[in-house]
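Structure record follows, encoded as structure tokens.
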Amino acid sequence: MKAMDINRPEVQAEVSAVFARYEDALVNNRVDVLDELFWSSAFTVRFGVGENLYGIEAIRAFRQARPAQGLARTLQHTVITTFGADLATAMTEFRRAGSDRIGRQSQTWVRLPEGWRVVAAHVSLMG
């Protein structure tokens, strides 16, 4: 891959926009948008703070059962890197009000025929 294929401005703008849409849906508990932005596949994986979810059905069930309170957070050190036109990673740290713990989130995004989708995600808390 040529260096010019990494972080092409137009691709990075697309992924930044869909990442912002995801974050808005997350903190506002828009489960339908979160569901839309994850790849609808048995191969999709999401590792959370207390759960390992394999496949979109497990991810959907988790989202439906999760409480809708306490979702607001502040992001910091977000790094979005694109590789060519169809693959990207989004890494960020987050903090929730009233907590000193730092959370970490990583996502792998792929451009599919239906648009950009998360194909793998990981969320963890430090310390």
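The chains in the structure tokens are called A, B, ... from first to last as shown; in each chain the residues are counted from 1, and the ligands are counted from 1 in the order shown.
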What's the 7 Å shell around A:Phe38, counting only C-alpha atoms, without same-chain residues fewer than 5 positions away, as a PyMOL selection string?
chain A and resi 117-119
Pick out each residue of chain A that DSSP on the backbone tags as strand (DSSP E or B); I need them as a PyMOL selection string.
chain A and resi 6+38+45-47+52-54+74-83+87-95+103-112+115-125
Grab the atom CA of A:Ile56 to atom CA of A:Ser41 distance for me, in Å with one decimal place.
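It comes out at 5.5 Å.
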Contacts of A:Gln12 within 12 Å, only C-alpha atoms, excl. fewer than 3 positions in-chain, as a PyMOL selection string:
chain A and resi 5-9+15-19+79-90+109+116
Any chance you can output those residues with C-alpha atoms as an mmCIF file, in the first residue's frame?
```cif
data_model
loop_
_atom_site.group_PDB
_atom_site.id
_atom_site.type_symbol
_atom_site.label_atom_id
_atom_site.label_comp_id
_atom_site.auth_asym_id
_atom_site.auth_seq_id
_atom_site.Cartn_x
_atom_site.Cartn_y
_atom_site.Cartn_z
ATOM 1 C CA ASP A 5 -3.503 5.505 0.311
ATOM 2 C CA ILE A 6 -3.372 6.040 4.084
ATOM 3 C CA ASN A 7 -5.673 8.764 5.425
ATOM 4 C CA ARG A 8 -6.956 9.968 2.079
ATOM 5 C CA PRO A 9 -8.846 13.121 3.084
ATOM 6 C CA VAL A 15 -15.319 7.653 8.375
ATOM 7 C CA SER A 16 -15.156 10.619 10.747
ATOM 8 C CA ALA A 17 -18.777 11.443 9.889
ATOM 9 C CA VAL A 18 -20.025 7.897 10.412
ATOM 10 C CA PHE A 19 -18.000 7.645 13.642
ATOM 11 C CA VAL A 79 -7.486 8.517 16.104
ATOM 12 C CA ILE A 80 -9.159 7.533 12.857
ATOM 13 C CA THR A 81 -6.895 5.916 10.290
ATOM 14 C CA THR A 82 -8.035 4.870 6.831
ATOM 15 C CA PHE A 83 -6.352 2.355 4.563
ATOM 16 C CA GLY A 84 -7.325 2.714 0.921
ATOM 17 C CA ALA A 85 -10.977 3.481 0.225
ATOM 18 C CA ASP A 86 -12.690 0.703 2.161
ATOM 19 C CA LEU A 87 -11.001 -0.006 5.521
ATOM 20 C CA ALA A 88 -10.527 2.107 8.632
ATOM 21 C CA THR A 89 -9.825 1.900 12.335
ATOM 22 C CA ALA A 90 -11.242 4.265 14.948
ATOM 23 C CA TRP A 109 -14.860 -0.143 9.896
ATOM 24 C CA TRP A 116 -19.542 1.917 6.316
#
```
Set the distance at 6 Å and use only C-alpha atoms: which residues neighbour A:Gly103 once local chain neighbours fewer than 5 positions away are removed? I'd like the list as a PyMOL selection string.
chain A and resi 93-94+124-125
Within 9 Å of stretch 65-72 of chain A using only C-alpha atoms, minus same-chain residues under 6 positions, as an MDAnalysis selection string
chainID A and resid 26:29 95:97
From atom CA of A:Tyr22 to atom CA of A:Leu34 the spacing works out at 6.4 Å
Excluding same-chain residues fewer than 5 positions from A:Val31, what lies within 8 Å of it counting only C-alpha atoms, as a list in words?
Ala25, Leu26, Arg63 and Gln64 of chain A
Run DSSP on the backbone and grab whatever in stretch 13-106 of chain A lands in helix (DSSP H, G or I); send it over as a PyMOL selection string.
chain A and resi 13-27+31-37+56-65
Take the residues from that selection and write them out as a compact mmCIF listing (two decimals), in the first residue's frame, keeping C-alpha atoms.
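Saved file again03.txt follows:
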```txt
# COMPACT_ATOMS: atom_id res chain seq x y z
CA ALA A 13 -13.97 12.59 6.23
CA GLU A 14 -16.48 9.82 5.48
CA VAL A 15 -15.32 7.65 8.37
CA SER A 16 -15.16 10.62 10.75
CA ALA A 17 -18.78 11.44 9.89
CA VAL A 18 -20.02 7.90 10.41
CA PHE A 19 -18.00 7.65 13.64
CA ALA A 20 -19.69 10.85 14.89
CA ARG A 21 -23.09 9.40 13.93
CA TYR A 22 -22.25 6.25 15.88
CA GLU A 23 -21.19 8.25 18.95
CA ASP A 24 -24.39 10.32 18.85
CA ALA A 25 -26.47 7.14 18.59
CA LEU A 26 -24.52 5.55 21.46
CA VAL A 27 -24.94 8.37 23.98
CA VAL A 31 -30.46 1.35 19.16
CA ASP A 32 -31.79 1.31 15.58
CA VAL A 33 -28.85 3.43 14.37
CA LEU A 34 -26.33 1.38 16.36
CA ASP A 35 -27.79 -1.77 14.82
CA GLU A 36 -27.59 -0.23 11.35
CA LEU A 37 -23.93 0.72 11.78
CA ILE A 56 -24.93 -9.56 15.18
CA GLU A 57 -27.76 -11.33 17.02
CA ALA A 58 -25.79 -11.35 20.28
CA ILE A 59 -24.86 -7.69 19.76
CA ARG A 60 -28.50 -6.76 19.10
CA ALA A 61 -29.67 -8.62 22.21
CA PHE A 62 -27.05 -6.81 24.32
CA ARG A 63 -28.11 -3.40 22.97
CA GLN A 64 -31.79 -4.12 23.62
CA ALA A 65 -31.14 -5.19 27.23
```
Calculate how many Å separate atom CA of A:Thr92 from atom CA of A:Gly127, rounding to one decimal.
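Rounded to one decimal, the two atoms are 16.5 Å apart.
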Calculated over only C-alpha atoms, which of the candidates A:Ile102, A:Gln76, A:Glu10, A:Tyr54 has the smallest distance to A:Ser40?
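Closest to A:Ser40 of all the choices is A:Tyr54.
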